$ cat target.txt   # compact mmCIF, C-alpha atoms
# COMPACT_ATOMS: atom_id res chain seq x y z
CA MET O 278 127.58 114.97 98.48
CA LEU O 279 126.06 115.59 101.85
CA ALA O 280 122.29 115.72 101.71
CA LEU O 281 121.24 118.04 104.48
CA ASP O 282 117.67 119.22 104.21
CA PHE O 283 117.04 121.81 106.84
CA PRO O 284 113.37 121.61 107.75
CA PRO O 285 111.26 124.77 107.43
CA ILE O 286 110.86 126.71 110.63
CA ASN O 287 107.31 125.55 111.15
CA GLU O 288 108.48 121.96 111.45
CA VAL O 289 111.09 122.89 114.03
CA ILE O 290 108.96 124.89 116.43
CA ARG O 291 105.38 123.83 115.71
CA TRP O 292 104.19 120.66 117.38
CA LYS O 293 101.23 118.43 116.71
CA ASP O 294 98.29 118.80 119.07
CA ILE O 295 98.19 116.20 121.83
CA PHE O 296 94.50 116.93 121.97
CA PRO O 297 92.84 119.91 120.25
CA THR O 298 94.27 123.33 121.25
CA PHE O 299 96.87 121.70 123.53
CA ASN O 300 100.33 120.84 122.21
CA LYS O 301 103.73 120.15 123.70
CA VAL O 302 104.58 123.82 124.26
CA ALA O 303 101.41 124.30 126.28
CA LEU O 304 102.20 121.10 128.18
CA ILE O 305 105.67 122.40 129.06
CA ALA O 306 104.26 125.74 130.21
CA CYS O 307 101.66 124.02 132.41
CA LEU O 308 104.31 121.66 133.82
CA ALA O 309 106.59 124.60 134.58
CA ALA O 310 103.85 126.36 136.52
CA LEU O 311 102.87 123.19 138.42
CA ILE O 312 106.45 122.19 139.26
CA GLY O 313 107.19 125.68 140.55
CA ILE O 314 104.08 125.64 142.72
CA ALA O 315 104.86 122.12 143.96
CA ILE O 316 108.47 122.99 144.93
CA PHE O 317 107.46 126.02 146.96
CA LEU O 318 104.45 124.35 148.60
CA ALA O 319 106.64 121.42 149.64
CA ALA O 320 109.26 123.85 150.95
CA ALA O 321 106.66 125.79 152.95
CA ARG O 322 105.56 122.59 154.74
CA LYS O 323 109.01 122.06 156.25
CA ASP O 324 109.79 123.24 159.78
CA PRO O 325 111.31 126.74 159.49
CA LEU O 326 113.16 126.42 162.78
CA VAL O 327 115.58 123.62 161.85
CA ALA O 328 118.45 124.03 159.40
CA PRO O 329 117.05 123.88 155.84
CA LYS O 330 117.90 120.95 153.61
CA GLY O 331 116.60 119.39 150.42
CA VAL O 332 113.73 121.19 148.75
CA ARG O 333 113.54 123.89 151.43
CA ASN O 334 117.20 124.67 150.90
CA LEU O 335 116.53 125.08 147.18
CA ALA O 336 113.57 127.38 147.79
CA GLU O 337 115.48 129.51 150.30
CA THR O 338 118.41 129.83 147.91
CA GLY O 339 115.97 131.06 145.26
CA VAL O 340 114.37 133.61 147.57
CA GLU O 341 117.76 134.85 148.75
CA PHE O 342 119.01 135.11 145.18
CA ILE O 343 116.02 137.23 144.17
CA GLU O 344 116.33 139.44 147.26
CA ASP O 345 120.10 140.01 147.16
CA GLN O 346 120.78 140.03 143.44
CA ILE O 347 117.64 141.62 142.05
CA VAL O 348 115.44 143.49 144.55
CA LEU O 349 118.17 145.14 146.63
CA GLN O 350 120.20 145.99 143.52
CA THR O 351 117.34 147.62 141.63
CA MET O 352 114.72 148.86 144.10
CA GLY O 353 116.45 149.10 147.47
CA ARG O 354 114.96 148.04 150.79
CA ASP O 355 111.44 149.39 150.19
CA GLY O 356 111.08 147.11 147.17
CA LEU O 357 111.28 143.91 149.23
CA GLY O 358 107.52 143.51 148.94
CA TRP O 359 108.04 142.73 145.26
CA THR O 360 110.06 139.59 145.99
CA PRO O 361 107.11 137.15 145.54
CA PHE O 362 106.18 138.60 142.15
CA LEU O 363 109.76 138.59 140.87
CA LEU O 364 110.38 135.12 142.28
CA THR O 365 107.30 133.80 140.49
CA LEU O 366 108.44 135.36 137.22
CA PHE O 367 111.97 134.02 137.61
CA ILE O 368 110.97 130.46 138.48
CA PHE O 369 108.37 130.30 135.72
CA VAL O 370 110.65 131.67 133.01
CA TYR O 371 113.54 129.47 134.13
CA LEU O 372 111.42 126.32 134.19
CA CYS O 373 110.06 127.22 130.75
CA ASN O 374 113.60 127.73 129.38
CA LEU O 375 115.05 124.57 130.84
CA PRO O 376 113.11 121.98 128.72
CA GLY O 377 115.09 123.21 125.70
CA ILE O 378 117.89 120.87 126.77
CA ILE O 379 115.98 118.12 128.59
CA PRO O 380 115.83 114.98 126.41
CA PHE O 381 112.41 114.11 124.96
CA LEU O 382 111.03 117.55 125.80
CA GLN O 383 113.68 119.39 123.71
CA MET O 384 111.71 122.59 123.33
CA PRO O 385 111.84 125.75 125.42
CA ALA O 386 108.27 126.93 125.90
CA THR O 387 109.50 130.53 125.69
CA ALA O 388 110.65 129.95 122.10
CA ARG O 389 107.09 130.62 120.98
CA MET O 390 106.14 134.30 121.04
CA ALA O 391 102.89 133.81 122.99
CA LEU O 392 104.48 133.18 126.37
CA PRO O 393 107.10 135.99 126.44
CA LEU O 394 104.56 138.41 125.02
CA PHE O 395 102.03 137.56 127.71
CA LEU O 396 104.64 137.87 130.46
CA ALA O 397 105.78 141.21 129.03
CA VAL O 398 102.18 142.46 129.02
CA ILE O 399 101.84 141.47 132.68
CA VAL O 400 105.04 143.37 133.50
CA TRP O 401 103.88 146.37 131.42
CA ILE O 402 100.55 146.58 133.28
CA THR O 403 102.32 146.12 136.62
CA TYR O 404 104.87 148.90 136.26
CA ASN O 405 102.39 151.35 134.79
CA VAL O 406 99.92 150.73 137.62
CA VAL O 407 102.76 151.16 140.13
CA GLY O 408 103.76 154.42 138.46
CA PHE O 409 100.25 155.85 138.60
CA LYS O 410 99.75 154.63 142.16
CA HIS O 411 102.97 156.20 143.48
CA ASN O 412 102.99 159.42 141.48
CA GLY O 413 99.42 159.97 140.32
CA ILE O 414 99.07 161.87 137.05
CA LYS O 415 102.62 163.18 137.52
CA TYR O 416 103.80 159.79 136.26
CA LEU O 417 102.48 160.67 132.80
CA THR O 418 103.27 164.39 132.82
CA GLY O 419 106.76 163.80 134.23
CA MET O 420 107.34 161.34 131.42
CA LEU O 421 106.06 163.67 128.66
CA TRP O 422 107.47 166.95 130.10
CA PRO O 423 110.57 166.06 132.19
CA ARG O 424 111.41 168.74 134.79
CA ASN O 425 115.15 168.25 135.10
CA VAL O 426 115.94 168.79 131.42
CA PRO O 427 116.65 172.14 129.67
CA ILE O 428 113.43 173.64 128.31
CA GLY O 429 114.40 173.39 124.66
CA MET O 430 115.09 169.68 124.95
CA ARG O 431 111.87 168.82 126.79
CA PRO O 432 109.62 167.94 123.82
CA LEU O 433 112.28 165.67 122.31
CA VAL O 434 113.28 163.96 125.56
CA GLY O 435 109.60 163.64 126.51
CA LEU O 436 108.76 161.96 123.22
CA ILE O 437 111.69 159.56 123.51
CA GLU O 438 110.83 158.78 127.14
CA PHE O 439 107.18 158.17 126.30
CA LEU O 440 107.95 155.88 123.35
CA SER O 441 110.57 153.98 125.32
CA ASN O 442 108.36 153.52 128.39
CA ILE O 443 105.11 152.63 126.67
CA ILE O 444 106.07 150.78 123.48
CA LEU O 445 109.72 149.78 123.36
CA ARG O 446 110.12 148.34 126.86
CA PRO O 447 107.49 145.59 126.66
CA PHE O 448 108.43 144.89 123.04
CA SER O 449 112.12 144.48 123.75
CA LEU O 450 111.40 142.51 126.92
CA ALA O 451 109.32 139.99 124.97
CA VAL O 452 111.55 139.84 121.90
CA ARG O 453 114.74 139.44 123.96
CA LEU O 454 113.48 136.33 125.74
CA PHE O 455 111.80 134.88 122.67
CA ALA O 456 114.66 135.43 120.24
CA ASN O 457 117.32 134.15 122.63
CA MET O 458 115.50 130.91 123.27
CA LEU O 459 114.54 130.47 119.61
CA ALA O 460 118.13 131.09 118.50
CA GLY O 461 119.41 128.51 120.98
CA HIS O 462 116.82 126.00 119.83
CA MET O 463 117.71 126.54 116.17
CA LEU O 464 121.42 126.11 116.90
CA LEU O 465 120.78 122.82 118.67
CA VAL O 466 118.57 121.66 115.78
CA THR O 467 121.22 122.63 113.23
CA PHE O 468 124.06 120.73 114.88
CA ALA O 469 121.90 117.71 115.72
CA LEU O 470 120.83 117.48 112.06
CA LEU O 471 124.40 117.98 110.87
CA SER O 472 125.71 115.20 113.12
CA ASN O 473 122.92 112.92 111.97
CA ALA O 474 123.45 113.67 108.28
CA MET O 475 127.22 113.13 108.51
CA LEU O 476 126.92 109.88 110.43
CA PHE O 477 124.43 108.31 108.04
CA ALA O 478 125.76 109.84 104.81
CA GLU O 479 126.20 107.41 101.90
CA THR O 480 129.68 108.35 100.87
CA LYS O 481 132.90 106.80 99.66
CA GLN O 482 135.04 109.35 101.44
CA LEU O 483 136.91 107.68 104.24
CA PHE O 484 137.13 110.51 106.70
CA LEU O 485 133.62 111.91 106.54
CA LYS O 486 132.02 109.64 109.11
CA PRO O 487 134.74 109.97 111.80
CA MET O 488 134.47 113.75 111.37
CA THR O 489 130.98 113.51 112.89
CA ILE O 490 132.77 113.98 116.20
CA LEU O 491 133.21 117.70 115.41
CA PRO O 492 129.55 118.74 115.10
CA PHE O 493 128.72 116.35 117.92
CA PHE O 494 131.13 118.09 120.28
CA MET O 495 129.72 121.42 119.14
CA LEU O 496 126.27 120.06 120.02
CA LEU O 497 127.47 119.06 123.50
CA PHE O 498 129.07 122.46 124.01
CA LEU O 499 125.93 124.28 122.86
CA THR O 500 123.79 122.18 125.19
CA ILE O 501 125.93 123.29 128.13
CA PHE O 502 125.80 126.84 126.79
CA GLU O 503 122.00 126.66 126.69
CA VAL O 504 121.92 125.87 130.43
CA LEU O 505 123.72 129.16 130.98
CA VAL O 506 121.53 131.06 128.48
CA GLY O 507 118.29 129.76 130.02
CA PHE O 508 119.38 130.91 133.47
CA LEU O 509 120.74 134.22 132.21
CA GLN O 510 117.61 135.09 130.26
CA ALA O 511 115.37 134.34 133.24
CA TYR O 512 117.67 136.52 135.37
CA ILE O 513 117.67 139.35 132.84
CA PHE O 514 113.90 139.23 132.42
CA THR O 515 113.44 139.44 136.19
CA ILE O 516 116.02 142.14 136.79
CA LEU O 517 114.59 144.30 134.01
CA THR O 518 111.16 143.90 135.58
CA GLY O 519 112.68 145.07 138.86
CA VAL O 520 114.35 148.04 137.16
CA TYR O 521 111.13 149.07 135.40
CA ILE O 522 109.06 148.84 138.59
CA GLY O 523 111.71 150.75 140.53
CA LEU O 524 111.88 153.49 137.88
CA ALA O 525 108.09 153.79 137.74
CA ALA O 526 107.86 154.12 141.53
CA HIS O 527 110.70 156.66 141.89
CA PRO O 528 111.23 158.35 138.51
CA GLU O 529 113.58 161.01 139.89
CA HIS O 530 116.59 158.67 140.01
CA MET L 9 128.97 136.11 90.60
CA GLU L 10 127.02 136.11 87.35
CA SER L 11 124.65 133.48 88.68
CA LEU L 12 124.14 135.57 91.80
CA THR L 13 123.20 138.65 89.80
CA ARG L 14 120.92 136.52 87.65
CA LEU L 15 119.37 135.18 90.83
CA ILE L 16 118.82 138.67 92.22
CA ALA L 17 117.41 139.94 88.93
CA GLY L 18 115.26 136.86 88.69
CA THR L 19 115.92 136.44 84.97
CA GLY L 20 117.74 133.11 85.02
CA ALA L 21 116.54 130.22 82.95
CA GLY L 22 113.96 128.12 84.75
CA LEU L 23 113.63 130.63 87.57
CA ASN L 24 110.03 131.74 87.99
CA ALA L 25 108.90 134.81 89.89
CA ASP L 26 108.23 132.98 93.18
CA ASP L 27 111.68 131.41 93.23
CA ALA L 28 113.28 134.77 92.52
CA LYS L 29 111.30 136.33 95.34
CA ALA L 30 112.35 133.60 97.75
CA ALA L 31 115.98 133.97 96.67
CA ASN L 32 115.85 137.72 97.18
CA ALA L 33 114.30 137.23 100.60
CA ALA L 34 116.98 134.73 101.59
CA ILE L 35 119.80 137.04 100.49
CA GLY L 36 118.15 139.97 102.27
CA ALA L 37 117.75 137.91 105.41
CA GLY L 38 121.41 136.95 105.40
CA PHE L 39 122.50 140.55 105.02
CA ALA L 40 120.00 141.71 107.66
CA TYR L 41 121.33 139.36 110.29
CA GLY L 42 124.96 139.88 109.41
CA LEU L 43 124.67 143.66 109.55
CA ALA L 44 122.58 143.57 112.72
CA ALA L 45 125.27 141.54 114.48
CA ILE L 46 128.11 144.03 113.90
CA GLY L 47 127.00 146.90 116.14
CA PRO L 48 125.87 144.83 119.13
CA GLY L 49 129.04 142.74 118.85
CA ILE L 50 131.19 145.84 119.24
CA GLY L 51 128.85 147.19 121.92
CA ILE L 52 128.82 144.06 124.07
CA GLY L 53 132.59 143.79 123.81
CA TYR L 54 132.92 147.36 125.00
CA VAL L 55 130.45 146.88 127.88
CA VAL L 56 132.08 143.70 129.16
CA GLY L 57 135.60 145.03 128.72
CA LYS L 58 134.84 148.15 130.72
CA ALA L 59 133.03 146.11 133.38
CA ILE L 60 136.04 143.83 133.80
CA GLU L 61 138.27 146.88 134.05
CA ALA L 62 136.02 148.29 136.76
CA MET L 63 135.95 144.97 138.64
CA ALA L 64 139.73 144.73 138.51
CA ARG L 65 140.11 148.25 139.86
CA GLN L 66 137.53 147.83 142.61
CA PRO L 67 136.89 144.18 143.43
CA GLU L 68 134.57 145.11 146.32
CA ALA L 69 132.13 146.73 143.85
CA ALA L 70 132.08 143.60 141.65
CA GLY L 71 128.48 142.64 142.50
CA MET L 72 127.06 146.01 141.54
CA VAL L 73 129.18 146.21 138.39
CA ARG L 74 128.07 142.73 137.34
CA THR L 75 124.39 143.60 137.69
CA THR L 76 124.82 146.77 135.65
CA MET L 77 126.87 144.87 133.10
CA PHE L 78 124.08 142.36 132.55
CA LEU L 79 121.61 145.21 132.13
CA GLY L 80 123.86 146.87 129.56
CA ILE L 81 124.35 143.60 127.71
CA ALA L 82 120.60 143.00 127.65
CA PHE L 83 119.89 146.42 126.15
CA THR L 84 122.68 146.14 123.58
CA GLU L 85 121.81 142.59 122.62
CA ALA L 86 118.20 143.52 121.84
CA LEU L 87 119.31 145.09 118.54
CA ALA L 88 121.02 141.91 117.39
CA LEU L 89 117.96 139.91 118.38
CA ILE L 90 115.66 142.14 116.37
CA GLY L 91 117.96 141.40 113.42
CA PHE L 92 117.59 137.70 114.17
CA VAL L 93 113.80 137.99 114.20
CA VAL L 94 113.90 139.79 110.85
CA PHE L 95 116.13 136.99 109.57
CA ILE L 96 113.55 134.40 110.63
CA LEU L 97 110.66 136.40 109.18
CA LEU L 98 112.36 137.02 105.84
CA GLY L 99 114.36 133.92 105.24
CA LEU L 100 112.53 130.87 106.45
$ encode --input "target.txt" --output "structure tokens"
Amino acid sequence: MLALDFPPINEVIRWKDIFPTFNKVALIACLAALIGIAIFLAAARKDPLVAPKGVRNLAETGVEFIEDQIVLQTMGRDGLGWTPFLLTLFIFVYLCNLPGIIPFLQMPATARMALPLFLAVIVWITYNVVGFKHNGIKYLTGMLWPRNVPIGMRPLVGLIEFLSNIILRPFSLAVRLFANMLAGHMLLVTFALLSNAMLFAETKQLFLKPMTILPFFMLLFLTIFEVLVGFLQAYIFTILTGVYIGLAAHPEH
Amino acid sequence: MESLTRLIAGTGAGLNADDAKAANAAIGAGFAYGLAAIGPGIGIGYVVGKAIEAMARQPEAAGMVRTTMFLGIAFTEALALIGFVVFILLGL
């Protein structure tokens, strides 16, 4: 009989304090911020006139990726001023996701609700301020009483628009990032525990221990998959931020 | 099957009220996640299938289609993820 005790969720995602009020998740978040700052400061020191290489090449690839894939796709040319904000969000979220697969760190900082929720609140404040700045009070009235909808539908569409803009967007933004990273973390934990339990099982069955190779390969595959998921979630978080800001600035299309 | 109904009813021998509650929560969590995965699974399949169709018809529009596809996937997937969160809240 295989004895596999899955630990309760608090043991999987809650870490002991390194010193009071500061645990590994906070450490990863701080490291992510510092590493991002360090990469871009080091890149800014390089001579911009010679062909970029090394860290500057990396930074320029990041900036170009944000400009071509996110800003121009969602906001058009007049949104290029948002590149620094979106780049900051992308780099921070990506560097917070990545430790989920780095040995000895093994925990994405975004798998705790605090970080995605805080980022979503920042995005929420940003796009609402942009909406009021570009459209004045029409931002709110246009949301509650949309002009280009038949008159009978206006209260219903207005209510749906209001709920979606004010409550559902930040909620789904936070929950999407959090739940994706938590699900990935739990999958890795499950297959790591399964491999461990099969390898060290006290059994008389001959084929049980060699079969450890199956969950172990699944673990390897999921680790590679998590690289993709970490990147994709950072990308989706950033592109949705771009879409929300673009929609708040120009609600007519 | 009988043991399952006993478990749900919470009347089995040696099963106190807390255990029965936990068992009910675990069963509910399993159903919640399983049901929440059906709709988004169909939805994401539909979104990606149509996006691939569009890319095959017009390869020069592939970049734009891919961006929109990721947006659609993100919105569809949110439902499944809410189910996952409910699963965590109820079951563990």
$ interface_residues --input "target.txt" --of "chain O" --to "chain L" --cutoff "9 Å" --atoms "all atoms listed in the file" --output "list of chain:residue names"
O:Pro285, O:Ile286, O:Asn287, O:Gln346, O:Ile347, O:Gln350, O:Ser449, O:Leu450, O:Val452, O:Arg453, O:Ala456, O:Asn457, O:Ala460, O:Leu509, O:Gln510, O:Ile513, O:Ile516, O:Leu517
$ atom_distance --input "target.txt" --atom1 "CA of Ala526 (chain O)" --atom2 "CA of Met77 (chain L)"
22.8 Å
$ closest_atom_pairs --input "target.txt" --of "region 384-409 of chain O" --to "region 354-374 of chain O" --cutoff "12 Å" --atoms "all atoms listed in the file" --output "Markdown table"
| residue | atom | partner | partner_atom | distance |
| --- | --- | --- | --- | --- |
| O:Met384 | CA | O:Asn374 | CA | 8.2 |
| O:Pro385 | CA | O:Asn374 | CA | 4.8 |
| O:Ala386 | CA | O:Cys373 | CA | 5.2 |
| O:Thr387 | CA | O:Cys373 | CA | 6.1 |
| O:Ala388 | CA | O:Asn374 | CA | 8.2 |
| O:Arg389 | CA | O:Cys373 | CA | 10.8 |
| O:Leu392 | CA | O:Val370 | CA | 9.2 |
| O:Pro393 | CA | O:Val370 | CA | 8.6 |
| O:Phe395 | CA | O:Leu366 | CA | 11.7 |
| O:Leu396 | CA | O:Leu366 | CA | 8.2 |
| O:Ala397 | CA | O:Leu366 | CA | 10.4 |
| O:Ile399 | CA | O:Leu366 | CA | 10.1 |
| O:Val400 | CA | O:Leu366 | CA | 9.5 |
| O:Thr403 | CA | O:Phe362 | CA | 10.1 |
| O:Tyr404 | CA | O:Trp359 | CA | 11.4 |
| O:Val407 | CA | O:Trp359 | CA | 11.2 |
$ atom_distance --input "target.txt" --atom1 "CA of Ile316 (chain O)" --atom2 "CA of Gly523 (chain O)"
28.3 Å
$ atom_distance --input "target.txt" --atom1 "CA of Ile50 (chain L)" --atom2 "CA of Ile443 (chain O)"
28.0 Å
$ residues_near_point --input "target.txt" --point "(100.6, 150.8, 135.2)" --cutoff "12 Å" --atoms "all atoms listed in the file" --output "PDB file with C-alpha atoms, in the frame of the given file"
ATOM      1  CA  VAL O 398     102.180 142.460 129.020  1.00  0.00           C
ATOM      2  CA  ILE O 399     101.840 141.470 132.680  1.00  0.00           C
ATOM      3  CA  VAL O 400     105.040 143.370 133.500  1.00  0.00           C
ATOM      4  CA  TRP O 401     103.880 146.370 131.420  1.00  0.00           C
ATOM      5  CA  ILE O 402     100.550 146.580 133.280  1.00  0.00           C
ATOM      6  CA  THR O 403     102.320 146.120 136.620  1.00  0.00           C
ATOM      7  CA  TYR O 404     104.870 148.900 136.260  1.00  0.00           C
ATOM      8  CA  ASN O 405     102.390 151.350 134.790  1.00  0.00           C
ATOM      9  CA  VAL O 406      99.920 150.730 137.620  1.00  0.00           C
ATOM     10  CA  VAL O 407     102.760 151.160 140.130  1.00  0.00           C
ATOM     11  CA  GLY O 408     103.760 154.420 138.460  1.00  0.00           C
ATOM     12  CA  PHE O 409     100.250 155.850 138.600  1.00  0.00           C
ATOM     13  CA  LYS O 410      99.750 154.630 142.160  1.00  0.00           C
ATOM     14  CA  HIS O 411     102.970 156.200 143.480  1.00  0.00           C
ATOM     15  CA  ASN O 412     102.990 159.420 141.480  1.00  0.00           C
ATOM     16  CA  GLY O 413      99.420 159.970 140.320  1.00  0.00           C
ATOM     17  CA  ILE O 414      99.070 161.870 137.050  1.00  0.00           C
ATOM     18  CA  TYR O 416     103.800 159.790 136.260  1.00  0.00           C
ATOM     19  CA  LEU O 417     102.480 160.670 132.800  1.00  0.00           C
ATOM     20  CA  ASN O 442     108.360 153.520 128.390  1.00  0.00           C
ATOM     21  CA  ILE O 443     105.110 152.630 126.670  1.00  0.00           C
ATOM     22  CA  TYR O 521     111.130 149.070 135.400  1.00  0.00           C
ATOM     23  CA  ILE O 522     109.060 148.840 138.590  1.00  0.00           C
ATOM     24  CA  LEU O 524     111.880 153.490 137.880  1.00  0.00           C
ATOM     25  CA  ALA O 525     108.090 153.790 137.740  1.00  0.00           C
ATOM     26  CA  ALA O 526     107.860 154.120 141.530  1.00  0.00           C
TER      27      ALA O 526
END
$ residues_around --input "target.txt" --residues "Ser472 (chain O)" --least-positions-apart "6" --cutoff "8 Å" --atoms "all atoms listed in the file" --output "MDAnalysis selection string"
chainID O and resid 489:490 492:493
$ decode --input "target.txt" --residues "region 353-361 of chain O" --atoms "all heavy atoms" --output "compact mmCIF listing (two decimals), in the first residue's frame"
# COMPACT_ATOMS: atom_id res chain seq x y z
N GLY O 353 -2.38 51.40 -29.87
CA GLY O 353 -1.97 52.18 -31.02
C GLY O 353 -0.78 53.08 -30.70
O GLY O 353 -0.19 52.98 -29.63
N ARG O 354 -0.45 53.97 -31.64
CA ARG O 354 0.78 54.75 -31.48
C ARG O 354 0.72 55.74 -30.31
O ARG O 354 1.74 56.03 -29.69
CB ARG O 354 1.07 55.54 -32.77
CG ARG O 354 1.46 54.67 -33.93
CD ARG O 354 2.36 55.41 -34.89
NE ARG O 354 3.66 55.68 -34.32
CZ ARG O 354 4.64 54.79 -34.26
NH1 ARG O 354 4.47 53.59 -34.76
NH2 ARG O 354 5.79 55.10 -33.73
N ASP O 355 -0.46 56.28 -30.01
CA ASP O 355 -0.51 57.28 -28.94
C ASP O 355 -0.43 56.65 -27.56
O ASP O 355 -0.46 57.36 -26.56
CB ASP O 355 -1.76 58.17 -29.07
CG ASP O 355 -3.01 57.33 -29.18
OD1 ASP O 355 -2.89 56.11 -29.41
OD2 ASP O 355 -4.12 57.90 -29.05
N GLY O 356 -0.33 55.32 -27.49
CA GLY O 356 -0.18 54.68 -26.18
C GLY O 356 1.26 54.38 -25.84
O GLY O 356 1.53 53.77 -24.82
N LEU O 357 2.21 54.81 -26.72
CA LEU O 357 3.61 54.44 -26.49
C LEU O 357 4.16 54.99 -25.19
O LEU O 357 5.13 54.46 -24.65
CB LEU O 357 4.47 54.91 -27.67
CG LEU O 357 4.39 54.00 -28.90
CD1 LEU O 357 5.20 54.58 -30.04
CD2 LEU O 357 4.90 52.62 -28.56
N GLY O 358 3.54 56.05 -24.66
CA GLY O 358 3.98 56.58 -23.37
C GLY O 358 3.75 55.62 -22.22
O GLY O 358 4.32 55.79 -21.14
N TRP O 359 2.92 54.60 -22.45
CA TRP O 359 2.64 53.63 -21.39
C TRP O 359 3.65 52.51 -21.34
O TRP O 359 3.55 51.64 -20.47
CB TRP O 359 1.23 53.05 -21.56
CG TRP O 359 0.18 54.00 -21.17
CD1 TRP O 359 -0.60 54.75 -21.99
CD2 TRP O 359 -0.21 54.34 -19.84
NE1 TRP O 359 -1.44 55.53 -21.26
CE2 TRP O 359 -1.23 55.30 -19.94
CE3 TRP O 359 0.20 53.92 -18.58
CZ2 TRP O 359 -1.84 55.85 -18.83
CZ3 TRP O 359 -0.41 54.46 -17.47
CH2 TRP O 359 -1.41 55.42 -17.59
N THR O 360 4.61 52.49 -22.28
CA THR O 360 5.57 51.40 -22.31
C THR O 360 6.30 51.19 -20.98
O THR O 360 6.40 50.06 -20.52
CB THR O 360 6.59 51.61 -23.45
OG1 THR O 360 5.86 51.84 -24.64
CG2 THR O 360 7.47 50.42 -23.62
N PRO O 361 6.83 52.27 -20.31
CA PRO O 361 7.54 52.02 -19.05
C PRO O 361 6.68 51.33 -17.99
O PRO O 361 7.13 50.38 -17.34
CB PRO O 361 7.94 53.42 -18.60
CG PRO O 361 7.93 54.24 -19.80
CD PRO O 361 6.88 53.68 -20.69
